[in-house]
>>> print(open('entry15.txt').read())   # compact mmCIF, C-alpha atoms and all ligand atoms
# COMPACT_ATOMS: atom_id res chain seq x y z
CA MET A 1 153.35 65.40 8.23
CA GLN A 2 152.83 66.19 4.56
CA LYS A 3 155.96 66.13 2.43
CA LYS A 4 157.25 69.41 1.04
CA THR A 5 156.93 69.60 -2.73
CA ALA A 6 159.21 71.12 -5.36
CA ILE A 7 159.12 71.47 -9.12
CA VAL A 8 162.58 71.37 -10.68
CA THR A 9 162.76 72.53 -14.29
CA GLY A 10 165.83 71.41 -16.25
CA ILE A 11 165.83 68.13 -14.31
CA LEU A 12 167.75 66.25 -17.04
CA GLY A 13 170.66 68.69 -17.15
CA GLN A 14 173.70 68.93 -14.88
CA ASP A 15 172.32 70.80 -11.85
CA GLY A 16 168.81 69.28 -11.89
CA PRO A 17 169.94 65.80 -10.75
CA TYR A 18 172.26 67.14 -8.01
CA LEU A 19 169.49 69.40 -6.70
CA ALA A 20 166.86 66.66 -6.91
CA LYS A 21 169.14 64.32 -4.96
CA LEU A 22 169.56 66.96 -2.26
CA LEU A 23 165.80 67.61 -2.06
CA LEU A 24 165.03 63.88 -1.91
CA SER A 25 167.50 63.54 0.97
CA LYS A 26 165.41 66.18 2.76
CA ASP A 27 162.27 64.14 2.11
CA TYR A 28 160.76 66.39 -0.59
CA LYS A 29 158.47 65.08 -3.26
CA VAL A 30 160.23 66.17 -6.44
CA TYR A 31 158.43 66.91 -9.70
CA GLY A 32 160.89 67.00 -12.57
CA MET A 33 159.76 69.01 -15.57
CA ILE A 34 160.87 67.69 -18.93
CA ARG A 35 160.06 68.66 -22.49
CA ARG A 36 158.29 66.29 -24.83
CA TYR A 37 160.89 63.97 -26.36
CA SER A 38 160.68 60.95 -28.61
CA LYS A 39 163.55 59.62 -26.47
CA PRO A 40 164.40 61.42 -23.20
CA ASN A 41 167.88 61.03 -21.72
CA PHE A 42 167.84 60.08 -18.03
CA GLU A 43 171.57 59.32 -17.92
CA ASN A 44 172.46 62.03 -15.37
CA LEU A 45 169.66 61.00 -13.04
CA SER A 46 170.64 57.35 -13.19
CA TYR A 47 174.30 58.31 -12.60
CA LEU A 48 173.09 59.61 -9.20
CA ASP A 49 170.73 56.66 -8.81
CA ILE A 50 167.53 58.70 -8.55
CA GLU A 51 165.91 58.12 -11.96
CA ASP A 52 162.91 56.31 -10.46
CA LYS A 53 162.46 58.63 -7.47
CA ILE A 54 161.19 61.63 -9.45
CA GLU A 55 157.66 62.31 -10.65
CA TYR A 56 158.04 63.51 -14.24
CA VAL A 57 155.76 66.20 -15.61
CA THR A 58 155.71 67.63 -19.11
CA GLY A 59 156.33 71.32 -19.75
CA ASP A 60 158.31 73.63 -21.93
CA MET A 61 159.68 77.06 -21.01
CA THR A 62 158.45 78.41 -24.34
CA ASP A 63 154.90 77.12 -23.81
CA GLU A 64 153.11 79.46 -21.41
CA SER A 65 150.04 77.28 -20.91
CA SER A 66 152.09 74.21 -19.97
CA LEU A 67 153.76 76.20 -17.16
CA MET A 68 150.41 77.69 -16.03
CA ASN A 69 148.89 74.21 -15.83
CA LEU A 70 151.78 72.78 -13.82
CA VAL A 71 151.78 75.55 -11.23
CA LYS A 72 147.98 75.50 -10.98
CA SER A 73 147.71 71.73 -10.56
CA ILE A 74 150.72 71.10 -8.27
CA ARG A 75 150.94 74.37 -6.27
CA PRO A 76 154.34 73.32 -4.98
CA ASP A 77 156.12 74.79 -1.97
CA GLU A 78 159.11 75.62 -4.14
CA ILE A 79 160.01 75.98 -7.81
CA TYR A 80 163.65 75.82 -8.89
CA ASN A 81 163.92 77.15 -12.42
CA LEU A 82 167.03 75.52 -13.85
CA ALA A 83 165.76 75.06 -17.41
CA ALA A 84 167.55 77.11 -20.04
CA GLN A 85 169.32 77.07 -23.37
CA SER A 86 172.48 77.28 -21.28
CA PHE A 87 175.26 77.03 -23.85
CA VAL A 88 176.65 80.53 -24.40
CA GLY A 89 178.40 79.48 -27.62
CA SER A 90 175.13 78.56 -29.35
CA SER A 91 173.21 81.59 -28.14
CA TRP A 92 174.25 83.77 -31.09
CA ASP A 93 172.81 81.22 -33.56
CA LEU A 94 169.77 80.52 -31.37
CA ALA A 95 169.18 84.06 -30.10
CA LYS A 96 165.38 83.99 -30.37
CA PHE A 97 164.95 80.58 -28.78
CA THR A 98 167.47 81.52 -26.06
CA THR A 99 165.49 84.68 -25.32
CA GLU A 100 162.17 82.87 -25.24
CA ALA A 101 163.28 79.94 -23.07
CA ASN A 102 165.57 81.85 -20.71
CA GLY A 103 163.77 85.19 -20.59
CA LEU A 104 160.08 84.96 -21.40
CA GLY A 105 159.87 81.51 -19.81
CA VAL A 106 160.70 83.11 -16.46
CA LEU A 107 157.99 85.72 -16.94
CA TYR A 108 155.49 82.90 -17.63
CA LEU A 109 156.50 81.01 -14.48
CA LEU A 110 156.37 84.11 -12.27
CA THR A 111 152.98 85.07 -13.69
CA ALA A 112 151.67 81.57 -13.03
CA ILE A 113 152.88 81.74 -9.42
CA LYS A 114 151.30 85.16 -8.94
CA HIS A 115 147.92 83.99 -10.25
CA PHE A 116 147.65 80.43 -8.98
CA SER A 117 150.05 79.87 -6.09
CA PRO A 118 151.44 83.08 -4.58
CA THR A 119 152.97 81.30 -1.58
CA THR A 120 155.20 79.17 -3.84
CA LYS A 121 158.84 80.18 -3.47
CA PHE A 122 160.77 80.73 -6.72
CA TYR A 123 164.47 80.22 -7.45
CA GLN A 124 165.90 81.66 -10.67
CA ALA A 125 169.16 80.25 -12.05
CA ALA A 126 170.91 83.53 -12.72
CA THR A 127 174.53 83.60 -13.80
CA SER A 128 177.91 85.32 -13.71
CA GLU A 129 177.52 85.70 -17.51
CA MET A 130 175.27 88.68 -16.66
CA PHE A 131 178.41 90.52 -15.48
CA GLY A 132 180.25 89.91 -18.73
CA LEU A 133 182.73 92.78 -18.83
CA GLY A 134 181.48 94.22 -15.51
CA ASN A 135 183.85 93.99 -12.55
CA VAL A 136 185.24 96.03 -9.70
CA ASP A 137 189.02 95.58 -9.39
CA GLY A 138 188.69 92.18 -11.07
CA TRP A 139 185.89 90.91 -8.81
CA GLN A 140 182.11 90.51 -9.15
CA ASP A 141 179.55 90.63 -6.35
CA GLU A 142 175.84 91.46 -5.98
CA LYS A 143 176.49 95.19 -6.58
CA THR A 144 178.65 94.86 -9.71
CA PRO A 145 177.01 96.36 -12.83
CA PHE A 146 175.93 93.96 -15.57
CA HIS A 147 177.47 94.11 -19.05
CA PRO A 148 176.42 90.85 -20.73
CA ARG A 149 178.35 89.76 -23.84
CA SER A 150 176.04 87.21 -25.47
CA PRO A 151 172.35 86.69 -26.23
CA TYR A 152 172.49 84.14 -23.39
CA GLY A 153 173.78 86.76 -20.95
CA VAL A 154 171.20 89.29 -22.11
CA SER A 155 168.34 86.79 -21.70
CA LYS A 156 169.48 86.05 -18.15
CA VAL A 157 169.63 89.76 -17.27
CA TYR A 158 165.98 90.06 -18.36
CA ALA A 159 165.05 87.05 -16.19
CA TYR A 160 167.03 88.43 -13.26
CA TRP A 161 165.19 91.76 -13.28
CA MET A 162 161.80 90.13 -13.84
CA THR A 163 162.44 88.01 -10.73
CA VAL A 164 163.40 91.10 -8.72
CA ASN A 165 160.40 92.96 -10.10
CA PHE A 166 157.87 90.27 -9.11
CA ARG A 167 159.39 90.20 -5.63
CA GLU A 168 159.09 93.97 -5.30
CA SER A 169 155.70 94.33 -7.04
CA TYR A 170 153.78 91.36 -5.62
CA SER A 171 155.80 90.35 -2.53
CA LEU A 172 156.56 86.93 -3.99
CA TYR A 173 159.39 84.92 -2.45
CA ALA A 174 161.54 85.08 -5.59
CA CYS A 175 165.32 84.95 -5.53
CA ASN A 176 168.24 84.95 -7.96
CA GLY A 177 171.20 82.66 -7.43
CA ILE A 178 173.97 84.38 -9.38
CA LEU A 179 176.09 81.29 -9.84
CA PHE A 180 179.57 81.28 -11.31
CA ASN A 181 180.68 78.31 -13.45
CA HIS A 182 180.17 74.99 -11.74
CA GLU A 183 181.14 71.66 -13.19
CA SER A 184 180.97 67.93 -12.51
CA PRO A 185 181.10 64.57 -14.26
CA LEU A 186 177.49 65.35 -15.34
CA ARG A 187 178.50 68.49 -17.24
CA GLY A 188 177.35 68.63 -20.88
CA ILE A 189 180.09 67.60 -23.30
CA GLU A 190 180.22 70.91 -25.22
CA PHE A 191 181.20 73.00 -22.17
CA VAL A 192 184.94 73.55 -22.04
CA THR A 193 185.72 71.66 -18.80
CA ARG A 194 184.00 68.45 -19.83
CA LYS A 195 185.27 68.76 -23.39
CA ILE A 196 188.79 68.92 -21.93
CA THR A 197 188.41 66.07 -19.42
CA ASP A 198 186.73 63.83 -22.00
CA GLY A 199 189.40 64.72 -24.58
CA VAL A 200 192.28 64.14 -22.16
CA ALA A 201 190.83 60.78 -21.08
CA LYS A 202 190.50 59.76 -24.75
CA ILE A 203 194.11 60.78 -25.45
CA LYS A 204 195.31 58.86 -22.39
CA LEU A 205 193.44 55.74 -23.55
CA GLY A 206 194.72 56.08 -27.13
CA LEU A 207 191.22 56.86 -28.47
CA ALA A 208 192.13 60.37 -29.74
CA GLN A 209 195.26 62.24 -30.78
CA GLU A 210 194.31 65.89 -30.32
CA LEU A 211 192.10 68.34 -28.47
CA ARG A 212 190.78 71.35 -30.42
CA LEU A 213 189.95 74.44 -28.36
CA GLY A 214 189.17 78.15 -28.74
CA ASN A 215 190.24 80.96 -26.39
CA MET A 216 192.71 79.52 -23.87
CA ASP A 217 193.16 82.83 -22.04
CA SER A 218 189.69 83.37 -20.63
CA LYS A 219 189.45 82.86 -16.90
CA ARG A 220 186.62 81.30 -14.94
CA ASP A 221 185.79 80.79 -11.27
CA TRP A 222 185.11 77.04 -11.45
CA GLY A 223 183.42 75.17 -8.58
CA PHE A 224 181.68 71.82 -8.08
CA ALA A 225 177.96 71.59 -8.98
CA GLY A 226 177.24 69.38 -5.95
CA ASP A 227 178.32 72.22 -3.65
CA TYR A 228 176.35 74.85 -5.57
CA VAL A 229 172.93 73.16 -5.29
CA GLU A 230 173.30 73.46 -1.51
CA ALA A 231 173.44 77.24 -1.98
CA MET A 232 170.27 77.12 -4.10
CA TYR A 233 168.45 75.25 -1.36
CA ALA A 234 169.75 77.58 1.37
CA MET A 235 168.53 80.65 -0.56
CA MET A 236 165.02 79.21 -0.52
CA GLN A 237 164.98 78.66 3.27
CA GLN A 238 165.55 82.27 4.40
CA GLU A 239 163.14 84.62 6.16
CA GLU A 240 163.21 86.91 3.13
CA ALA A 241 164.01 86.34 -0.51
CA ASP A 242 167.22 87.93 -1.79
CA ASP A 243 169.87 87.57 -4.50
CA TYR A 244 173.26 85.96 -3.89
CA VAL A 245 176.54 85.56 -5.75
CA ILE A 246 177.90 82.00 -5.50
CA GLY A 247 181.47 81.11 -6.44
CA THR A 248 184.82 80.04 -5.02
CA GLY A 249 186.70 83.37 -5.17
CA GLU A 250 189.51 81.75 -7.16
CA ASN A 251 189.84 81.74 -10.93
CA HIS A 252 191.93 79.93 -13.52
CA SER A 253 192.45 80.20 -17.25
CA VAL A 254 191.29 77.57 -19.73
CA ARG A 255 195.01 76.89 -20.29
CA GLU A 256 195.49 76.12 -16.58
CA PHE A 257 192.51 73.75 -16.68
CA VAL A 258 194.00 71.92 -19.66
CA GLU A 259 197.40 71.68 -17.96
CA MET A 260 195.86 70.33 -14.74
CA ALA A 261 193.77 67.76 -16.64
CA PHE A 262 196.82 66.41 -18.51
CA LYS A 263 198.75 66.37 -15.23
CA ALA A 264 196.02 64.17 -13.74
CA VAL A 265 196.90 61.47 -16.32
CA ASP A 266 200.68 62.04 -16.09
CA ILE A 267 201.09 63.64 -19.53
CA ALA A 268 203.69 66.42 -19.33
CA ASP A 269 204.04 67.47 -23.00
CA TRP A 270 200.37 68.46 -23.22
CA GLU A 271 200.94 71.27 -25.72
CA THR A 272 201.69 68.74 -28.47
CA PHE A 273 198.09 67.48 -28.21
CA VAL A 274 196.27 70.85 -28.21
CA THR A 275 195.29 72.76 -31.38
CA ILE A 276 193.71 76.21 -31.38
CA ASP A 277 190.67 76.17 -33.64
CA PRO A 278 189.02 79.52 -34.57
CA ARG A 279 185.65 77.72 -34.85
CA PHE A 280 185.50 77.70 -31.05
CA MET A 281 186.14 81.45 -30.65
CA ARG A 282 183.11 83.60 -29.75
CA PRO A 283 181.95 86.86 -31.38
CA ALA A 284 182.34 88.55 -27.98
CA GLU A 285 184.13 87.00 -25.03
CA VAL A 286 183.79 87.25 -21.25
CA PRO A 287 187.47 87.38 -20.32
CA ASP A 288 187.58 87.13 -16.55
CA LEU A 289 185.10 86.03 -13.87
CA LYS A 290 185.85 85.87 -10.15
CA ALA A 291 183.22 85.78 -7.41
CA ARG A 292 183.19 87.68 -4.19
CA ALA A 293 180.66 85.50 -2.34
CA ASP A 294 180.91 87.17 1.08
CA LYS A 295 177.15 87.71 1.36
CA ALA A 296 176.42 84.00 0.83
CA ARG A 297 179.05 83.03 3.36
CA GLU A 298 177.72 85.46 5.96
CA LYS A 299 173.97 85.07 5.44
CA LEU A 300 173.62 81.52 4.16
CA GLY A 301 176.66 80.02 5.87
CA TRP A 302 177.59 78.65 2.44
CA GLN A 303 181.07 77.90 1.20
CA PRO A 304 182.45 75.51 -1.40
CA LYS A 305 184.02 72.23 -0.28
CA ILE A 306 185.73 71.07 -3.49
CA GLY A 307 188.68 73.05 -4.86
CA PHE A 308 189.99 73.44 -8.40
CA GLU A 309 192.53 70.61 -8.45
CA GLU A 310 190.13 68.13 -6.86
CA LEU A 311 187.40 69.10 -9.33
CA VAL A 312 189.63 68.57 -12.38
CA LYS A 313 190.81 65.19 -11.07
CA MET A 314 187.24 64.11 -10.29
CA MET A 315 186.12 64.90 -13.83
CA VAL A 316 189.12 63.27 -15.55
CA GLU A 317 188.74 60.13 -13.45
CA ALA A 318 185.02 59.91 -14.19
CA ASP A 319 185.70 60.20 -17.93
CA LEU A 320 188.47 57.60 -17.80
CA LYS A 321 186.08 55.23 -16.00
CA ARG A 322 183.21 55.89 -18.40
CA LEU A 323 185.37 55.38 -21.50
CA SER A 324 187.14 52.31 -20.10
CA ALA A 325 183.76 50.70 -19.34
CA LYS A 326 182.79 51.11 -22.99
P1 LIG B 401 172.09 72.24 -18.55
O1 LIG B 401 172.89 71.03 -18.18
O2 LIG B 401 172.22 72.80 -19.92
O3 LIG B 401 170.56 71.91 -18.26
C1 LIG B 401 169.54 72.77 -18.69
C2 LIG B 401 168.26 71.99 -18.82
O4 LIG B 401 167.25 72.88 -19.31
C3 LIG B 401 168.32 70.82 -19.79
O5 LIG B 401 167.88 69.66 -19.13
C4 LIG B 401 167.37 71.23 -20.90
O6 LIG B 401 166.59 70.19 -21.39
C5 LIG B 401 166.42 72.16 -20.19
N1 LIG B 401 165.75 73.03 -21.16
C6 LIG B 401 166.30 73.75 -22.16
N2 LIG B 401 165.35 74.41 -22.85
C7 LIG B 401 164.16 74.08 -22.28
C8 LIG B 401 162.82 74.43 -22.54
N3 LIG B 401 162.49 75.24 -23.54
N4 LIG B 401 161.86 73.90 -21.76
C9 LIG B 401 162.17 73.05 -20.75
N5 LIG B 401 163.42 72.68 -20.45
C10 LIG B 401 164.42 73.19 -21.21
O7 LIG B 401 172.41 73.43 -17.53
P2 LIG B 401 173.00 73.35 -16.05
O8 LIG B 401 174.48 73.47 -16.13
O9 LIG B 401 172.36 72.25 -15.32
O10 LIG B 401 172.50 74.76 -15.49
C11 LIG B 401 171.23 74.89 -14.87
C12 LIG B 401 170.79 76.34 -14.94
O11 LIG B 401 171.75 77.16 -14.29
C13 LIG B 401 170.65 76.90 -16.35
O12 LIG B 401 169.57 77.79 -16.34
C14 LIG B 401 171.94 77.66 -16.58
O13 LIG B 401 171.74 78.70 -17.51
C15 LIG B 401 172.20 78.18 -15.17
N6 LIG B 401 173.60 78.38 -14.82
C16 LIG B 401 174.50 77.38 -14.97
C17 LIG B 401 175.80 77.55 -14.55
C18 LIG B 401 176.82 76.48 -14.71
O14 LIG B 401 178.02 76.77 -14.61
N7 LIG B 401 176.43 75.23 -14.87
C19 LIG B 401 176.20 78.78 -13.99
C20 LIG B 401 175.24 79.77 -13.83
C21 LIG B 401 173.94 79.56 -14.23
P3 LIG B 401 167.11 69.15 -22.47
O15 LIG B 401 167.73 68.08 -21.64
O16 LIG B 401 165.86 68.79 -23.13
O17 LIG B 401 168.06 69.87 -23.37
N1 LIG B 402 182.66 75.56 -24.82
C1 LIG B 402 183.91 75.84 -25.17
N2 LIG B 402 184.54 75.05 -26.10
N3 LIG B 402 184.51 76.90 -24.59
C2 LIG B 402 185.79 77.15 -24.92
C3 LIG B 402 186.49 76.35 -25.85
C4 LIG B 402 185.83 75.27 -26.46
O1 LIG B 402 186.39 74.55 -27.30
N4 LIG B 402 187.75 76.85 -25.94
C5 LIG B 402 187.83 77.89 -25.11
N5 LIG B 402 186.64 78.08 -24.49
C6 LIG B 402 186.34 79.15 -23.53
C7 LIG B 402 185.07 79.95 -23.86
O2 LIG B 402 185.35 80.90 -24.89
C8 LIG B 402 184.81 80.59 -22.49
O3 LIG B 402 185.60 81.73 -22.34
C9 LIG B 402 185.28 79.52 -21.50
O4 LIG B 402 186.06 78.59 -22.26
C10 LIG B 402 184.15 78.76 -20.80
O5 LIG B 402 183.24 78.32 -21.78
P1 LIG B 402 182.03 77.32 -21.39
O6 LIG B 402 182.58 76.13 -20.69
O7 LIG B 402 181.25 77.08 -22.63
O8 LIG B 402 181.21 78.10 -20.29
P2 LIG B 402 180.73 79.62 -20.20
O9 LIG B 402 181.58 80.28 -19.15
O10 LIG B 402 180.63 80.26 -21.51
O11 LIG B 402 179.24 79.43 -19.66
C11 LIG B 402 178.96 78.54 -18.57
O12 LIG B 402 179.04 79.23 -17.34
C12 LIG B 402 178.07 80.27 -17.18
C13 LIG B 402 178.35 80.91 -15.83
O13 LIG B 402 179.39 81.84 -15.93
C14 LIG B 402 177.56 77.96 -18.82
O14 LIG B 402 177.31 76.94 -17.88
C15 LIG B 402 176.50 79.02 -18.66
O15 LIG B 402 175.20 78.42 -18.73
C16 LIG B 402 176.68 79.69 -17.28
O16 LIG B 402 175.72 80.70 -17.09
>>> encode(input="entry15.txt", output="structure tokens", more="lines below")
Ligand code: NAP
Ligand code: GDD
Amino acid sequence: MQKKTAIVTGILGQDGPYLAKLLLSKDYKVYGMIRRYSKPNFENLSYLDIEDKIEYVTGDMTDESSLMNLVKSIRPDEIYNLAAQSFVGSSWDLAKFTTEANGLGVLYLLTAIKHFSPTTKFYQAATSEMFGLGNVDGWQDEKTPFHPRSPYGVSKVYAYWMTVNFRESYSLYACNGILFNHESPLRGIEFVTRKITDGVAKIKLGLAQELRLGNMDSKRDWGFAGDYVEAMYAMMQQEEADDYVIGTGENHSVREFVEMAFKAVDIADWETFVTIDPRFMRPAEVPDLKARADKAREKLGWQPKIGFEELVKMMVEADLKRLSAK
């Protein structure tokens, strides 16, 4: 039997490698789309030991013709669009690029599917950042109104609705995974969780004396990326395409994350190491995210396996190991 094929954009990021590993375990041929680099970074793929199991193809979310060519030549069974300028903090400075890569890039991909491969299923990496200030009694689910708070959030709302619109207009199998924050040892270093676990590991090893952070009060629903890619896959195997909220249903403040990370290395007086630095505050903040993922549990049979404490420990231990090896 012929192998199923999938294009994964954003293959070098955090989620790309976890998803690719899952697809490879299901015997897919995986095409990983990367931009043109003078020196690409395959570190996350080699961390999961799959660097040489992917077929790499060149494309850029801001280059319409590159996406057209890929869809036309590969005509994959599935496309998982994970590529994005995904750092909220930079999206004010890079508003145009963020809009082009995260918003227009999705329009280009959907248009390519419509023209050249209408049976290809499409997954869009939507986000809880679309909710922003929106909530109902402190929770967010598929029916909660969007009120994005950053150019990143706005770009993802555009992509979300374009995905819904192509599904409704052209009957494409196109779905939005509205994922809440998910983390792992592969998380980029500028995101708060990894910045904390890397910083705490450095302090424990005597390589740093302080950790500088912004808003310690904001709350996030943090899960493990390895669990979340299973939800992406499940969304693409349904009878009909739909949109799903994915999260743990539990949230914690940045302060609680910091406390837990220091606890993992037996440092009790953590406050003496932490400095609040206004440079890491945002022009507009998303204060509180908490997922009600009942639909995913009922329809996809999905639920997270790794809890908050286990996640923090996993990340701190991975950073301790990485730094000690150096
Ligand atoms: P990530 O680590 O930042 O990875 C994003 C990838 O997109 C990077 O490999 C990046 O390539 C690539 N990319 C950026 N601009 C591109 C462009 N113009 N053309 C082609 N590729 C481009 O993000 P992640 O955490 O894996 O998240 C995956 C997706 O889920 C993103 O769309 C993100 O917005 C969304 N999301 C993430 C979370 C989360 O908590 N992690 C939650 C909800 C939604 P380079 O390596 O070249 O920079
Ligand atoms: N990055 C960062 N650095 N954030 C900080 C810091 C700091 O020094 N100090 C406090 N924070 C706060 C931010 O203000 C925010 O409220 C929270 O920590 C989380 O920030 P990030 O880890 O950068 O993630 P995010 O929630 O803004 O965005 C992530 O999750 C989204 C899903 O909700 C990204 O992965 C997005 O791509 C994703 O869509």
>>> residues_around(input="entry15.txt", residues="region 90-92 of chain A", least_positions_apart="6", cutoff="12 Å", atoms="only C-alpha atoms", output="count of residues only")
22
>>> closest_atom_pairs(input="entry15.txt", of="region 99-136 of chain A", to="region 235-250 of chain A", cutoff="12 Å", atoms="all atoms listed in the file", output="tab-separated table")
residue	atom	partner	partner_atom	distance
A:Thr120	CA	A:Met236	CA	10.4
A:Lys121	CA	A:Met236	CA	6.9
A:Phe122	CA	A:Met236	CA	7.7
A:Tyr123	CA	A:Met236	CA	7.0
A:Gln124	CA	A:Asp243	CA	9.4
A:Ala125	CA	A:Asp243	CA	10.5
A:Ala126	CA	A:Val245	CA	9.2
A:Thr127	CA	A:Val245	CA	8.5
A:Ser128	CA	A:Val245	CA	8.1
A:Glu129	CA	A:Val245	CA	11.8
A:Met130	CA	A:Val245	CA	11.4
A:Phe131	CA	A:Val245	CA	11.1
>>> residues_around(input="entry15.txt", residues="Tyr233 (chain A)", least_positions_apart="5", cutoff="10 Å", atoms="only C-alpha atoms", output="list in words")
Leu19, Leu22, Leu23, Glu78, Tyr80, Tyr123, Gly177, Tyr228, Gln238 and Leu300 of chain A
>>> residues_near_ligand(input="entry15.txt", ligand="ligand LIG 401 (chain B)", cutoff="6 Å", atoms="all atoms listed in the file", output="ChimeraX atom specification")
/A:10-16,34-35,60-62,82-86,101,125-127,179-182,188
>>> write_last_selection(input="entry15.txt", atoms="C-alpha atoms", output="short mmCIF file (atom, residue, chain, number, x, y, z; two decimals), keeping the file's coordinate frame")
data_model
loop_
_atom_site.label_atom_id
_atom_site.label_comp_id
_atom_site.auth_asym_id
_atom_site.auth_seq_id
_atom_site.Cartn_x
_atom_site.Cartn_y
_atom_site.Cartn_z
CA GLY A 10 165.83 71.41 -16.25
CA ILE A 11 165.83 68.13 -14.31
CA LEU A 12 167.75 66.25 -17.04
CA GLY A 13 170.66 68.69 -17.15
CA GLN A 14 173.70 68.93 -14.88
CA ASP A 15 172.32 70.80 -11.85
CA GLY A 16 168.81 69.28 -11.89
CA ILE A 34 160.87 67.69 -18.93
CA ARG A 35 160.06 68.66 -22.49
CA ASP A 60 158.31 73.63 -21.93
CA MET A 61 159.68 77.06 -21.01
CA THR A 62 158.45 78.41 -24.34
CA LEU A 82 167.03 75.52 -13.85
CA ALA A 83 165.76 75.06 -17.41
CA ALA A 84 167.55 77.11 -20.04
CA GLN A 85 169.32 77.07 -23.37
CA SER A 86 172.48 77.28 -21.28
CA ALA A 101 163.28 79.94 -23.07
CA ALA A 125 169.16 80.25 -12.05
CA ALA A 126 170.91 83.53 -12.72
CA THR A 127 174.53 83.60 -13.80
CA LEU A 179 176.09 81.29 -9.84
CA PHE A 180 179.57 81.28 -11.31
CA ASN A 181 180.68 78.31 -13.45
CA HIS A 182 180.17 74.99 -11.74
CA GLY A 188 177.35 68.63 -20.88
#
>>> atom_distance(input="entry15.txt", atom1="atom N5 of ligand LIG 402 (chain B)", atom2="CA of Ser218 (chain A)")
7.2 Å
>>> atom_distance(input="entry15.txt", atom1="CA of Asp221 (chain A)", atom2="atom O13 of ligand LIG 402 (chain B)")
8.0 Å
>>> atom_distance(input="entry15.txt", atom1="CA of Asp277 (chain A)", atom2="atom N4 of ligand LIG 402 (chain B)")
8.3 Å
>>> closest_residue(input="entry15.txt", among="A:Met260, A:Asn251, A:Arg212, A:Arg292", to="ligand LIG 402 (chain B)", atoms="only C-alpha atoms and all ligand atoms")
A:Arg212
>>> closest_residue(input="entry15.txt", among="A:Ile79, A:Leu323, A:Val106, A:Ala291", to="ligand LIG 402 (chain B)", atoms="all atoms listed in the file")
A:Ala291
>>> closest_residue(input="entry15.txt", among="A:Val88, A:Leu94, A:Ala20, A:Leu48", to="Glu230 (chain A)", atoms="all atoms listed in the file")
A:Ala20
>>> closest_residue(input="entry15.txt", among="A:Pro148, A:Ala268, A:Ile203, A:Gln303", to="ligand LIG 402 (chain B)", atoms="only C-alpha atoms and all ligand atoms")
A:Pro148
>>> closest_residue(input="entry15.txt", among="A:Lys26, A:Lys263, A:Ala225, A:Met232", to="Lys305 (chain A)", atoms="only C-alpha atoms")
A:Ala225
>>> residues_around(input="entry15.txt", residues="Phe166 (chain A)", least_positions_apart="2", cutoff="12 Å", atoms="all atoms listed in the file", output="PDB file with C-alpha atoms, in the coordinates of the input")
ATOM      1  CA  VAL A 106     160.700  83.110 -16.460  1.00  0.00           C
ATOM      2  CA  LEU A 107     157.990  85.720 -16.940  1.00  0.00           C
ATOM      3  CA  TYR A 108     155.490  82.900 -17.630  1.00  0.00           C
ATOM      4  CA  LEU A 109     156.500  81.010 -14.480  1.00  0.00           C
ATOM      5  CA  LEU A 110     156.370  84.110 -12.270  1.00  0.00           C
ATOM      6  CA  THR A 111     152.980  85.070 -13.690  1.00  0.00           C
ATOM      7  CA  ALA A 112     151.670  81.570 -13.030  1.00  0.00           C
ATOM      8  CA  ILE A 113     152.880  81.740  -9.420  1.00  0.00           C
ATOM      9  CA  LYS A 114     151.300  85.160  -8.940  1.00  0.00           C
ATOM     10  CA  HIS A 115     147.920  83.990 -10.250  1.00  0.00           C
ATOM     11  CA  PRO A 118     151.440  83.080  -4.580  1.00  0.00           C
ATOM     12  CA  LYS A 121     158.840  80.180  -3.470  1.00  0.00           C
ATOM     13  CA  PHE A 122     160.770  80.730  -6.720  1.00  0.00           C
ATOM     14  CA  GLN A 124     165.900  81.660 -10.670  1.00  0.00           C
ATOM     15  CA  ALA A 159     165.050  87.050 -16.190  1.00  0.00           C
ATOM     16  CA  TYR A 160     167.030  88.430 -13.260  1.00  0.00           C
ATOM     17  CA  TRP A 161     165.190  91.760 -13.280  1.00  0.00           C
ATOM     18  CA  MET A 162     161.800  90.130 -13.840  1.00  0.00           C
ATOM     19  CA  THR A 163     162.440  88.010 -10.730  1.00  0.00           C
ATOM     20  CA  VAL A 164     163.400  91.100  -8.720  1.00  0.00           C
ATOM     21  CA  GLU A 168     159.090  93.970  -5.300  1.00  0.00           C
ATOM     22  CA  SER A 169     155.700  94.330  -7.040  1.00  0.00           C
ATOM     23  CA  TYR A 170     153.780  91.360  -5.620  1.00  0.00           C
ATOM     24  CA  SER A 171     155.800  90.350  -2.530  1.00  0.00           C
ATOM     25  CA  LEU A 172     156.560  86.930  -3.990  1.00  0.00           C
ATOM     26  CA  TYR A 173     159.390  84.920  -2.450  1.00  0.00           C
ATOM     27  CA  ALA A 174     161.540  85.080  -5.590  1.00  0.00           C
ATOM     28  CA  CYS A 175     165.320  84.950  -5.530  1.00  0.00           C
ATOM     29  CA  ASN A 176     168.240  84.950  -7.960  1.00  0.00           C
ATOM     30  CA  ALA A 241     164.010  86.340  -0.510  1.00  0.00           C
TER      31      ALA A 241
END
>>> residues_around(input="entry15.txt", residues="Val312 (chain A)", least_positions_apart="4", cutoff="8 Å", atoms="only C-alpha atoms", output="ChimeraX atom specification")
/A:197,257,260-261,264,308,316
>>> closest_residue(input="entry15.txt", among="A:Val71, A:Ala208, A:Ala231, A:Val258", to="ligand LIG 402 (chain B)", atoms="all atoms listed in the file")
A:Val258
>>> axis_aligned_box(input="entry15.txt", around="ligand LIG 402 (chain B)", padding_each_side="5 Å", output="JSON")
{"center_x": 181.5, "center_y": 78.2, "center_z": -21.6, "size_x": 22.6, "size_y": 17.3, "size_z": 21.5}
>>> residues_around(input="entry15.txt", residues="Tyr47 (chain A)", least_positions_apart="4", cutoff="12 Å", atoms="only C-alpha atoms", output="count of residues only")
17
